[in-house]
Number of protein chains: 2
Amino acid sequence: MNTKQQKNYNYAFVFYDVGEKRVQKVFKICKKYFKHHQKSVFRGHISPSDLIKLRAEINKVIDKGEDFVSIIKLLSDTYFDEETLGNQNINCESLFI
Amino acid sequence: MNTKQQKNYNYAFVFYDVGEKRVQKVFKICKKYFKHHQKSVFRGHISPSDLIKLRAEINKVIDKGEDFVSIIKLLSDTYFDEETLGNQNINCESLFI
């Protein structure tokens, strides 16, 4: 049994490289699930059930041959630390939708 | 004592939003330390000492009022899991420098 697959991830980073026609769609989907983004990197708490929905919604709009979406999943936000260089305020643009 | 500050992080994600004139400089610095990147998101194992060097080099070239660089630090790559939607091969472009 692969225990890694059994984990209940509750925090995620999502970044993507998708064709111009689909960028806005992927952006809108991510914005529904994450309060916070910086450029095309979304992040935040997400329940395992929302993660399933997010994945299904993204899979519906992307071109599987051309687009790329990476979801980095963590058990919680205690498993990483963040430091910001430069202007931290730029990072707050979308803290609230 | 803040134990979070004492941790020896060995893995990092770096993403940035910097002015056009400085993008190439930040990209080159990151590329020195990380084998892998996708768009402007770098990632990989990095020793605590290299992390100090990376930070110093980035701080030298960015405009602290306009630019933004985020470093997400983890103890190791066992603390997250990744899934890729779409074309996984796009993700391999710079696996080796």
# chains A, B, ... in the order shown; residues from 1 in each chain; ligands from 1

$ calpha_fit_and_write --fixed "chain A" --moving "chain B" --output "mmCIF file with N, CA, C and O atoms, in the first residue's frame"
data_model
loop_
_atom_site.group_PDB
_atom_site.id
_atom_site.type_symbol
_atom_site.label_atom_id
_atom_site.label_comp_id
_atom_site.auth_asym_id
_atom_site.auth_seq_id
_atom_site.Cartn_x
_atom_site.Cartn_y
_atom_site.Cartn_z
ATOM 1 N N MET B 1 1.079 -1.186 -0.129
ATOM 2 C CA MET B 1 0.214 -0.006 -0.121
ATOM 3 C C MET B 1 1.076 1.254 -0.071
ATOM 4 O O MET B 1 1.980 1.355 0.740
ATOM 5 N N ASN B 2 0.782 2.168 -0.964
ATOM 6 C CA ASN B 2 1.537 3.408 -0.978
ATOM 7 C C ASN B 2 0.873 4.403 -0.019
ATOM 8 O O ASN B 2 -0.166 4.976 -0.309
ATOM 9 N N THR B 3 1.492 4.584 1.140
ATOM 10 C CA THR B 3 0.864 5.454 2.143
ATOM 11 C C THR B 3 0.796 6.899 1.681
ATOM 12 O O THR B 3 -0.052 7.658 2.127
ATOM 13 N N LYS B 4 1.704 7.279 0.797
ATOM 14 C CA LYS B 4 1.714 8.662 0.316
ATOM 15 C C LYS B 4 0.365 9.019 -0.336
ATOM 16 O O LYS B 4 -0.102 10.145 -0.247
ATOM 17 N N GLN B 5 -0.217 8.041 -0.997
ATOM 18 C CA GLN B 5 -1.492 8.282 -1.674
ATOM 19 C C GLN B 5 -2.648 8.411 -0.692
ATOM 20 O O GLN B 5 -3.723 8.880 -1.036
ATOM 21 N N GLN B 6 -2.458 7.953 0.534
ATOM 22 C CA GLN B 6 -3.562 7.925 1.497
ATOM 23 C C GLN B 6 -3.655 9.221 2.305
ATOM 24 O O GLN B 6 -4.583 9.404 3.064
ATOM 25 N N LYS B 7 -2.676 10.066 2.169
ATOM 26 C CA LYS B 7 -2.651 11.261 3.003
ATOM 27 C C LYS B 7 -3.766 12.230 2.655
ATOM 28 O O LYS B 7 -4.152 12.359 1.502
ATOM 29 N N ASN B 8 -4.255 12.909 3.678
ATOM 30 C CA ASN B 8 -5.249 13.947 3.446
ATOM 31 C C ASN B 8 -4.569 15.299 3.353
ATOM 32 O O ASN B 8 -4.320 15.955 4.355
ATOM 33 N N TYR B 9 -4.279 15.694 2.158
ATOM 34 C CA TYR B 9 -3.614 16.967 1.969
ATOM 35 C C TYR B 9 -4.602 18.110 2.163
ATOM 36 O O TYR B 9 -5.737 18.033 1.700
ATOM 37 N N ASN B 10 -4.168 19.144 2.869
ATOM 38 C CA ASN B 10 -5.054 20.263 3.184
ATOM 39 C C ASN B 10 -4.508 21.612 2.737
ATOM 40 O O ASN B 10 -5.086 22.638 3.048
ATOM 41 N N TYR B 11 -3.383 21.563 2.060
ATOM 42 C CA TYR B 11 -2.789 22.816 1.604
ATOM 43 C C TYR B 11 -2.173 22.551 0.234
ATOM 44 O O TYR B 11 -1.632 21.470 0.000
ATOM 45 N N ALA B 12 -2.263 23.508 -0.646
ATOM 46 C CA ALA B 12 -1.701 23.267 -1.985
ATOM 47 C C ALA B 12 -1.163 24.535 -2.625
ATOM 48 O O ALA B 12 -1.609 25.647 -2.324
ATOM 49 N N PHE B 13 -0.184 24.320 -3.466
ATOM 50 C CA PHE B 13 0.299 25.341 -4.394
ATOM 51 C C PHE B 13 -0.078 24.863 -5.785
ATOM 52 O O PHE B 13 0.076 23.668 -6.096
ATOM 53 N N VAL B 14 -0.558 25.744 -6.615
ATOM 54 C CA VAL B 14 -0.892 25.356 -7.989
ATOM 55 C C VAL B 14 -0.225 26.342 -8.939
ATOM 56 O O VAL B 14 -0.367 27.553 -8.778
ATOM 57 N N PHE B 15 0.536 25.821 -9.886
ATOM 58 C CA PHE B 15 1.041 26.706 -10.931
ATOM 59 C C PHE B 15 0.894 26.028 -12.285
ATOM 60 O O PHE B 15 0.828 24.803 -12.373
ATOM 61 N N TYR B 16 0.800 26.835 -13.313
ATOM 62 C CA TYR B 16 0.433 26.261 -14.599
ATOM 63 C C TYR B 16 1.104 26.984 -15.759
ATOM 64 O O TYR B 16 1.559 28.119 -15.640
ATOM 65 N N ASP B 17 1.125 26.278 -16.851
ATOM 66 C CA ASP B 17 1.643 26.812 -18.096
ATOM 67 C C ASP B 17 0.681 26.318 -19.171
ATOM 68 O O ASP B 17 0.821 25.206 -19.674
ATOM 69 N N VAL B 18 -0.323 27.127 -19.446
ATOM 70 C CA VAL B 18 -1.367 26.682 -20.379
ATOM 71 C C VAL B 18 -1.493 27.658 -21.535
ATOM 72 O O VAL B 18 -1.082 28.819 -21.435
ATOM 73 N N GLY B 19 -2.052 27.170 -22.632
ATOM 74 C CA GLY B 19 -2.210 27.995 -23.820
ATOM 75 C C GLY B 19 -3.023 29.247 -23.540
ATOM 76 O O GLY B 19 -3.892 29.265 -22.662
ATOM 77 N N GLU B 20 -2.720 30.284 -24.309
ATOM 78 C CA GLU B 20 -3.315 31.603 -24.094
ATOM 79 C C GLU B 20 -4.843 31.573 -24.007
ATOM 80 O O GLU B 20 -5.461 32.257 -23.202
ATOM 81 N N LYS B 21 -5.438 30.739 -24.871
ATOM 82 C CA LYS B 21 -6.906 30.682 -24.919
ATOM 83 C C LYS B 21 -7.511 30.120 -23.638
ATOM 84 O O LYS B 21 -8.685 30.327 -23.355
ATOM 85 N N ARG B 22 -6.714 29.360 -22.918
ATOM 86 C CA ARG B 22 -7.267 28.678 -21.734
ATOM 87 C C ARG B 22 -6.784 29.273 -20.414
ATOM 88 O O ARG B 22 -7.238 28.886 -19.350
ATOM 89 N N VAL B 23 -5.858 30.214 -20.491
ATOM 90 C CA VAL B 23 -5.294 30.798 -19.260
ATOM 91 C C VAL B 23 -6.377 31.358 -18.351
ATOM 92 O O VAL B 23 -6.410 31.094 -17.147
ATOM 93 N N GLN B 24 -7.285 32.133 -18.944
ATOM 94 C CA GLN B 24 -8.308 32.790 -18.143
ATOM 95 C C GLN B 24 -9.225 31.777 -17.457
ATOM 96 O O GLN B 24 -9.627 31.966 -16.309
ATOM 97 N N LYS B 25 -9.518 30.684 -18.156
ATOM 98 C CA LYS B 25 -10.382 29.647 -17.582
ATOM 99 C C LYS B 25 -9.717 28.986 -16.374
ATOM 100 O O LYS B 25 -10.337 28.780 -15.335
ATOM 101 N N VAL B 26 -8.449 28.635 -16.536
ATOM 102 C CA VAL B 26 -7.718 27.985 -15.433
ATOM 103 C C VAL B 26 -7.576 28.960 -14.266
ATOM 104 O O VAL B 26 -7.769 28.587 -13.103
ATOM 105 N N PHE B 27 -7.302 30.210 -14.590
ATOM 106 C CA PHE B 27 -7.173 31.239 -13.549
ATOM 107 C C PHE B 27 -8.464 31.354 -12.734
ATOM 108 O O PHE B 27 -8.446 31.376 -11.507
ATOM 109 N N LYS B 28 -9.589 31.382 -13.443
ATOM 110 C CA LYS B 28 -10.891 31.529 -12.761
ATOM 111 C C LYS B 28 -11.194 30.334 -11.864
ATOM 112 O O LYS B 28 -11.737 30.479 -10.769
ATOM 113 N N ILE B 29 -10.882 29.161 -12.345
ATOM 114 C CA ILE B 29 -11.116 27.950 -11.541
ATOM 115 C C ILE B 29 -10.270 28.024 -10.259
ATOM 116 O O ILE B 29 -10.771 27.808 -9.157
ATOM 117 N N CYS B 30 -9.002 28.337 -10.414
ATOM 118 C CA CYS B 30 -8.111 28.404 -9.246
ATOM 119 C C CYS B 30 -8.590 29.459 -8.255
ATOM 120 O O CYS B 30 -8.551 29.256 -7.044
ATOM 121 N N LYS B 31 -9.049 30.570 -8.799
ATOM 122 C CA LYS B 31 -9.483 31.674 -7.939
ATOM 123 C C LYS B 31 -10.697 31.289 -7.093
ATOM 124 O O LYS B 31 -10.923 31.842 -6.025
ATOM 125 N N LYS B 32 -11.474 30.352 -7.591
ATOM 126 C CA LYS B 32 -12.634 29.865 -6.818
ATOM 127 C C LYS B 32 -12.173 29.132 -5.555
ATOM 128 O O LYS B 32 -12.838 29.153 -4.528
ATOM 129 N N TYR B 33 -11.060 28.465 -5.655
ATOM 130 C CA TYR B 33 -10.627 27.596 -4.551
ATOM 131 C C TYR B 33 -9.556 28.210 -3.659
ATOM 132 O O TYR B 33 -9.372 27.774 -2.528
ATOM 133 N N PHE B 34 -8.835 29.185 -4.188
ATOM 134 C CA PHE B 34 -7.743 29.764 -3.403
ATOM 135 C C PHE B 34 -7.937 31.265 -3.268
ATOM 136 O O PHE B 34 -8.249 31.943 -4.240
ATOM 137 N N LYS B 35 -7.696 31.759 -2.056
ATOM 138 C CA LYS B 35 -7.842 33.190 -1.826
ATOM 139 C C LYS B 35 -6.621 33.950 -2.305
ATOM 140 O O LYS B 35 -6.659 35.141 -2.515
ATOM 141 N N HIS B 36 -5.528 33.252 -2.400
ATOM 142 C CA HIS B 36 -4.268 33.935 -2.569
ATOM 143 C C HIS B 36 -3.542 33.504 -3.850
ATOM 144 O O HIS B 36 -3.376 32.328 -4.104
ATOM 145 N N HIS B 37 -3.103 34.481 -4.621
ATOM 146 C CA HIS B 37 -2.264 34.117 -5.753
ATOM 147 C C HIS B 37 -1.255 35.218 -5.995
ATOM 148 O O HIS B 37 -1.429 36.369 -5.601
ATOM 149 N N GLN B 38 -0.194 34.823 -6.656
ATOM 150 C CA GLN B 38 0.856 35.772 -7.024
ATOM 151 C C GLN B 38 1.290 35.332 -8.399
ATOM 152 O O GLN B 38 1.746 34.210 -8.579
ATOM 153 N N LYS B 39 1.038 36.184 -9.376
ATOM 154 C CA LYS B 39 1.227 35.807 -10.775
ATOM 155 C C LYS B 39 0.377 34.578 -11.069
ATOM 156 O O LYS B 39 -0.807 34.549 -10.735
ATOM 157 N N SER B 40 0.967 33.525 -11.572
ATOM 158 C CA SER B 40 0.150 32.340 -11.859
ATOM 159 C C SER B 40 0.365 31.245 -10.816
ATOM 160 O O SER B 40 0.149 30.077 -11.084
ATOM 161 N N VAL B 41 0.793 31.638 -9.618
ATOM 162 C CA VAL B 41 0.953 30.666 -8.539
ATOM 163 C C VAL B 41 -0.142 30.887 -7.505
ATOM 164 O O VAL B 41 -0.208 31.936 -6.868
ATOM 165 N N PHE B 42 -1.015 29.912 -7.382
ATOM 166 C CA PHE B 42 -2.064 29.972 -6.369
ATOM 167 C C PHE B 42 -1.628 29.133 -5.184
ATOM 168 O O PHE B 42 -0.839 28.199 -5.317
ATOM 169 N N ARG B 43 -2.202 29.444 -4.040
ATOM 170 C CA ARG B 43 -1.856 28.665 -2.863
ATOM 171 C C ARG B 43 -2.908 28.826 -1.783
ATOM 172 O O ARG B 43 -3.615 29.833 -1.740
ATOM 173 N N GLY B 44 -2.990 27.892 -0.901
ATOM 174 C CA GLY B 44 -3.873 28.057 0.241
ATOM 175 C C GLY B 44 -4.390 26.743 0.774
ATOM 176 O O GLY B 44 -4.096 25.668 0.243
ATOM 177 N N HIS B 45 -5.163 26.868 1.843
ATOM 178 C CA HIS B 45 -5.812 25.697 2.415
ATOM 179 C C HIS B 45 -6.867 25.214 1.434
ATOM 180 O O HIS B 45 -7.575 26.022 0.839
ATOM 181 N N ILE B 46 -6.943 23.938 1.285
ATOM 182 C CA ILE B 46 -7.983 23.370 0.426
ATOM 183 C C ILE B 46 -8.333 21.997 0.993
ATOM 184 O O ILE B 46 -7.442 21.226 1.363
ATOM 185 N N SER B 47 -9.601 21.729 1.104
ATOM 186 C CA SER B 47 -10.015 20.439 1.668
ATOM 187 C C SER B 47 -9.788 19.346 0.632
ATOM 188 O O SER B 47 -9.770 19.614 -0.576
ATOM 189 N N PRO B 48 -9.601 18.122 1.086
ATOM 190 C CA PRO B 48 -9.426 17.027 0.124
ATOM 191 C C PRO B 48 -10.572 16.942 -0.891
ATOM 192 O O PRO B 48 -10.339 16.650 -2.064
ATOM 193 N N SER B 49 -11.797 17.239 -0.452
ATOM 194 C CA SER B 49 -12.915 17.162 -1.397
ATOM 195 C C SER B 49 -12.854 18.291 -2.428
ATOM 196 O O SER B 49 -13.162 18.085 -3.610
ATOM 197 N N ASP B 50 -12.456 19.478 -1.975
ATOM 198 C CA ASP B 50 -12.308 20.581 -2.927
ATOM 199 C C ASP B 50 -11.165 20.315 -3.903
ATOM 200 O O ASP B 50 -11.219 20.730 -5.057
ATOM 201 N N LEU B 51 -10.158 19.620 -3.429
ATOM 202 C CA LEU B 51 -9.030 19.289 -4.306
ATOM 203 C C LEU B 51 -9.499 18.380 -5.448
ATOM 204 O O LEU B 51 -9.060 18.531 -6.591
ATOM 205 N N ILE B 52 -10.393 17.484 -5.130
ATOM 206 C CA ILE B 52 -10.959 16.594 -6.171
ATOM 207 C C ILE B 52 -11.751 17.418 -7.191
ATOM 208 O O ILE B 52 -11.622 17.237 -8.402
ATOM 209 N N LYS B 53 -12.539 18.363 -6.672
ATOM 210 C CA LYS B 53 -13.336 19.217 -7.573
ATOM 211 C C LYS B 53 -12.423 20.079 -8.453
ATOM 212 O O LYS B 53 -12.643 20.220 -9.654
ATOM 213 N N LEU B 54 -11.412 20.671 -7.820
ATOM 214 C CA LEU B 54 -10.455 21.510 -8.558
ATOM 215 C C LEU B 54 -9.819 20.718 -9.701
ATOM 216 O O LEU B 54 -9.771 21.178 -10.842
ATOM 217 N N ARG B 55 -9.363 19.544 -9.379
ATOM 218 C CA ARG B 55 -8.724 18.683 -10.378
ATOM 219 C C ARG B 55 -9.674 18.385 -11.545
ATOM 220 O O ARG B 55 -9.302 18.470 -12.713
ATOM 221 N N ALA B 56 -10.918 18.049 -11.209
ATOM 222 C CA ALA B 56 -11.906 17.718 -12.242
ATOM 223 C C ALA B 56 -12.187 18.925 -13.139
ATOM 224 O O ALA B 56 -12.261 18.805 -14.370
ATOM 225 N N GLU B 57 -12.319 20.090 -12.519
ATOM 226 C CA GLU B 57 -12.614 21.302 -13.298
ATOM 227 C C GLU B 57 -11.457 21.674 -14.216
ATOM 228 O O GLU B 57 -11.671 22.063 -15.367
ATOM 229 N N ILE B 58 -10.246 21.566 -13.686
ATOM 230 C CA ILE B 58 -9.081 21.898 -14.525
ATOM 231 C C ILE B 58 -8.967 20.909 -15.682
ATOM 232 O O ILE B 58 -8.753 21.296 -16.832
ATOM 233 N N ASN B 59 -9.172 19.633 -15.380
ATOM 234 C CA ASN B 59 -9.070 18.618 -16.428
ATOM 235 C C ASN B 59 -10.085 18.842 -17.557
ATOM 236 O O ASN B 59 -9.843 18.452 -18.694
ATOM 237 N N LYS B 60 -11.195 19.477 -17.224
ATOM 238 C CA LYS B 60 -12.222 19.735 -18.245
ATOM 239 C C LYS B 60 -11.787 20.800 -19.241
ATOM 240 O O LYS B 60 -12.195 20.783 -20.396
ATOM 241 N N VAL B 61 -11.006 21.783 -18.782
ATOM 242 C CA VAL B 61 -10.694 22.919 -19.660
ATOM 243 C C VAL B 61 -9.312 22.864 -20.315
ATOM 244 O O VAL B 61 -9.098 23.512 -21.338
ATOM 245 N N ILE B 62 -8.386 22.102 -19.762
ATOM 246 C CA ILE B 62 -7.039 22.129 -20.355
ATOM 247 C C ILE B 62 -6.928 21.204 -21.568
ATOM 248 O O ILE B 62 -7.699 20.260 -21.724
ATOM 249 N N ASP B 63 -5.956 21.533 -22.384
ATOM 250 C CA ASP B 63 -5.592 20.685 -23.518
ATOM 251 C C ASP B 63 -4.499 19.745 -23.013
ATOM 252 O O ASP B 63 -3.382 20.180 -22.708
ATOM 253 N N LYS B 64 -4.821 18.478 -22.915
ATOM 254 C CA LYS B 64 -3.903 17.548 -22.231
ATOM 255 C C LYS B 64 -2.595 17.310 -22.995
ATOM 256 O O LYS B 64 -1.638 16.785 -22.436
ATOM 257 N N GLY B 65 -2.565 17.714 -24.249
ATOM 258 C CA GLY B 65 -1.322 17.570 -25.001
ATOM 259 C C GLY B 65 -0.422 18.781 -24.895
ATOM 260 O O GLY B 65 0.789 18.689 -25.006
ATOM 261 N N GLU B 66 -1.032 19.941 -24.660
ATOM 262 C CA GLU B 66 -0.253 21.184 -24.700
ATOM 263 C C GLU B 66 -0.082 21.865 -23.350
ATOM 264 O O GLU B 66 0.876 22.608 -23.152
ATOM 265 N N ASP B 67 -1.045 21.658 -22.469
ATOM 266 C CA ASP B 67 -1.021 22.408 -21.214
ATOM 267 C C ASP B 67 -0.393 21.603 -20.085
ATOM 268 O O ASP B 67 -0.290 20.374 -20.151
ATOM 269 N N PHE B 68 -0.027 22.342 -19.068
ATOM 270 C CA PHE B 68 0.634 21.729 -17.922
ATOM 271 C C PHE B 68 0.163 22.430 -16.646
ATOM 272 O O PHE B 68 0.196 23.656 -16.544
ATOM 273 N N VAL B 69 -0.324 21.657 -15.702
ATOM 274 C CA VAL B 69 -0.731 22.201 -14.402
ATOM 275 C C VAL B 69 -0.089 21.352 -13.310
ATOM 276 O O VAL B 69 -0.203 20.126 -13.325
ATOM 277 N N SER B 70 0.608 22.003 -12.402
ATOM 278 C CA SER B 70 1.252 21.278 -11.312
ATOM 279 C C SER B 70 0.563 21.613 -9.994
ATOM 280 O O SER B 70 0.342 22.784 -9.685
ATOM 281 N N ILE B 71 0.200 20.575 -9.251
ATOM 282 C CA ILE B 71 -0.404 20.784 -7.931
ATOM 283 C C ILE B 71 0.553 20.206 -6.893
ATOM 284 O O ILE B 71 0.834 19.012 -6.887
ATOM 285 N N ILE B 72 1.096 21.071 -6.064
ATOM 286 C CA ILE B 72 1.987 20.660 -4.977
ATOM 287 C C ILE B 72 1.140 20.587 -3.708
ATOM 288 O O ILE B 72 0.576 21.592 -3.276
ATOM 289 N N LYS B 73 1.040 19.395 -3.144
ATOM 290 C CA LYS B 73 0.120 19.192 -2.012
ATOM 291 C C LYS B 73 0.893 18.965 -0.720
ATOM 292 O O LYS B 73 1.854 18.183 -0.697
ATOM 293 N N LEU B 74 0.451 19.633 0.335
ATOM 294 C CA LEU B 74 1.066 19.444 1.648
ATOM 295 C C LEU B 74 -0.014 19.122 2.667
ATOM 296 O O LEU B 74 -1.191 19.463 2.473
ATOM 297 N N LEU B 75 0.381 18.476 3.741
ATOM 298 C CA LEU B 75 -0.586 18.127 4.773
ATOM 299 C C LEU B 75 -1.175 19.383 5.420
ATOM 300 O O LEU B 75 -2.357 19.442 5.727
ATOM 301 N N SER B 76 -0.330 20.366 5.630
ATOM 302 C CA SER B 76 -0.807 21.639 6.181
ATOM 303 C C SER B 76 0.262 22.700 5.925
ATOM 304 O O SER B 76 1.339 22.396 5.416
ATOM 305 N N ASP B 77 -0.047 23.934 6.322
ATOM 306 C CA ASP B 77 0.928 24.995 6.079
ATOM 307 C C ASP B 77 2.043 24.998 7.127
ATOM 308 O O ASP B 77 2.884 25.887 7.132
ATOM 309 N N THR B 78 2.042 24.020 8.028
ATOM 310 C CA THR B 78 3.142 23.940 8.999
ATOM 311 C C THR B 78 4.358 23.236 8.406
ATOM 312 O O THR B 78 5.410 23.193 9.029
ATOM 313 N N TYR B 79 4.200 22.670 7.212
ATOM 314 C CA TYR B 79 5.303 21.907 6.621
ATOM 315 C C TYR B 79 6.232 22.727 5.741
ATOM 316 O O TYR B 79 7.127 22.184 5.105
ATOM 317 N N PHE B 80 5.967 23.995 5.645
ATOM 318 C CA PHE B 80 6.900 24.827 4.897
ATOM 319 C C PHE B 80 7.023 26.175 5.584
ATOM 320 O O PHE B 80 6.196 26.547 6.424
ATOM 321 N N ASP B 81 8.060 26.873 5.267
ATOM 322 C CA ASP B 81 8.232 28.224 5.752
ATOM 323 C C ASP B 81 8.461 29.096 4.524
ATOM 324 O O ASP B 81 8.972 28.630 3.514
ATOM 325 N N GLU B 82 8.066 30.329 4.625
ATOM 326 C CA GLU B 82 8.195 31.192 3.457
ATOM 327 C C GLU B 82 8.984 32.440 3.816
ATOM 328 O O GLU B 82 8.850 32.967 4.907
ATOM 329 N N GLU B 83 9.803 32.860 2.892
ATOM 330 C CA GLU B 83 10.419 34.164 3.076
ATOM 331 C C GLU B 83 10.244 34.962 1.796
ATOM 332 O O GLU B 83 10.223 34.409 0.693
ATOM 333 N N THR B 84 10.073 36.243 1.972
ATOM 334 C CA THR B 84 9.850 37.115 0.823
ATOM 335 C C THR B 84 11.002 38.097 0.706
ATOM 336 O O THR B 84 11.385 38.716 1.691
ATOM 337 N N LEU B 85 11.563 38.198 -0.487
ATOM 338 C CA LEU B 85 12.591 39.201 -0.749
ATOM 339 C C LEU B 85 11.939 40.298 -1.580
ATOM 340 O O LEU B 85 11.111 40.024 -2.439
ATOM 341 N N GLY B 86 12.301 41.517 -1.319
ATOM 342 C CA GLY B 86 11.704 42.610 -2.069
ATOM 343 C C GLY B 86 10.448 43.114 -1.390
ATOM 344 O O GLY B 86 10.325 43.056 -0.172
ATOM 345 N N ASN B 87 9.495 43.548 -2.193
ATOM 346 C CA ASN B 87 8.293 44.191 -1.692
ATOM 347 C C ASN B 87 7.215 43.183 -1.314
ATOM 348 O O ASN B 87 6.540 42.614 -2.166
ATOM 349 N N GLN B 88 7.015 42.991 -0.045
ATOM 350 C CA GLN B 88 6.050 42.005 0.430
ATOM 351 C C GLN B 88 4.618 42.397 0.093
ATOM 352 O O GLN B 88 3.734 41.556 0.014
ATOM 353 N N ASN B 89 4.394 43.681 -0.080
ATOM 354 C CA ASN B 89 3.010 44.123 -0.305
ATOM 355 C C ASN B 89 2.454 43.677 -1.643
ATOM 356 O O ASN B 89 1.258 43.514 -1.799
ATOM 357 N N ILE B 90 3.352 43.449 -2.605
ATOM 358 C CA ILE B 90 2.901 42.987 -3.919
ATOM 359 C C ILE B 90 2.215 41.650 -3.754
ATOM 360 O O ILE B 90 1.294 41.291 -4.464
ATOM 361 N N ASN B 91 2.646 40.940 -2.730
ATOM 362 C CA ASN B 91 2.149 39.611 -2.454
ATOM 363 C C ASN B 91 0.727 39.598 -1.917
ATOM 364 O O ASN B 91 0.118 38.552 -1.774
ATOM 365 N N CYS B 92 0.188 40.760 -1.587
ATOM 366 C CA CYS B 92 -1.111 40.790 -0.910
ATOM 367 C C CYS B 92 -2.268 41.103 -1.834
ATOM 368 O O CYS B 92 -3.403 41.205 -1.400
ATOM 369 N N GLU B 93 -1.989 41.242 -3.111
ATOM 370 C CA GLU B 93 -3.000 41.752 -4.031
ATOM 371 C C GLU B 93 -4.332 41.023 -3.968
ATOM 372 O O GLU B 93 -5.385 41.613 -4.047
ATOM 373 N N SER B 94 -4.288 39.728 -3.775
ATOM 374 C CA SER B 94 -5.540 38.978 -3.840
ATOM 375 C C SER B 94 -5.760 38.141 -2.594
ATOM 376 O O SER B 94 -6.286 37.052 -2.647
ATOM 377 N N LEU B 95 -5.360 38.690 -1.476
ATOM 378 C CA LEU B 95 -5.513 37.957 -0.230
ATOM 379 C C LEU B 95 -6.988 37.686 0.030
ATOM 380 O O LEU B 95 -7.372 36.670 0.578
ATOM 381 N N PHE B 96 -7.825 38.631 -0.410
ATOM 382 C CA PHE B 96 -9.267 38.432 -0.288
ATOM 383 C C PHE B 96 -9.885 38.600 -1.662
ATOM 384 O O PHE B 96 -9.546 39.524 -2.388
ATOM 385 N N ILE B 97 -10.761 37.698 -1.990
ATOM 386 C CA ILE B 97 -11.381 37.761 -3.314
ATOM 387 C C ILE B 97 -12.384 38.917 -3.355
ATOM 388 O O ILE B 97 -13.134 39.116 -2.417
#

$ select_by_dssp --residues "region 5-66 of chain A" --states "helix (DSSP H, G or I)" --output "PyMOL selection string"
chain A and resi 5-6+20-33+48-61

$ select_by_dssp --residues "region 40-85 of chain A" --states "strand (DSSP E)" --output "list in words"
Val41, Phe42, Arg43, Gly44, His45, Phe68, Val69, Ser70, Ile71, Ile72, Lys73, Leu74, Asp81, Glu82, Glu83, Thr84 and Leu85 of chain A
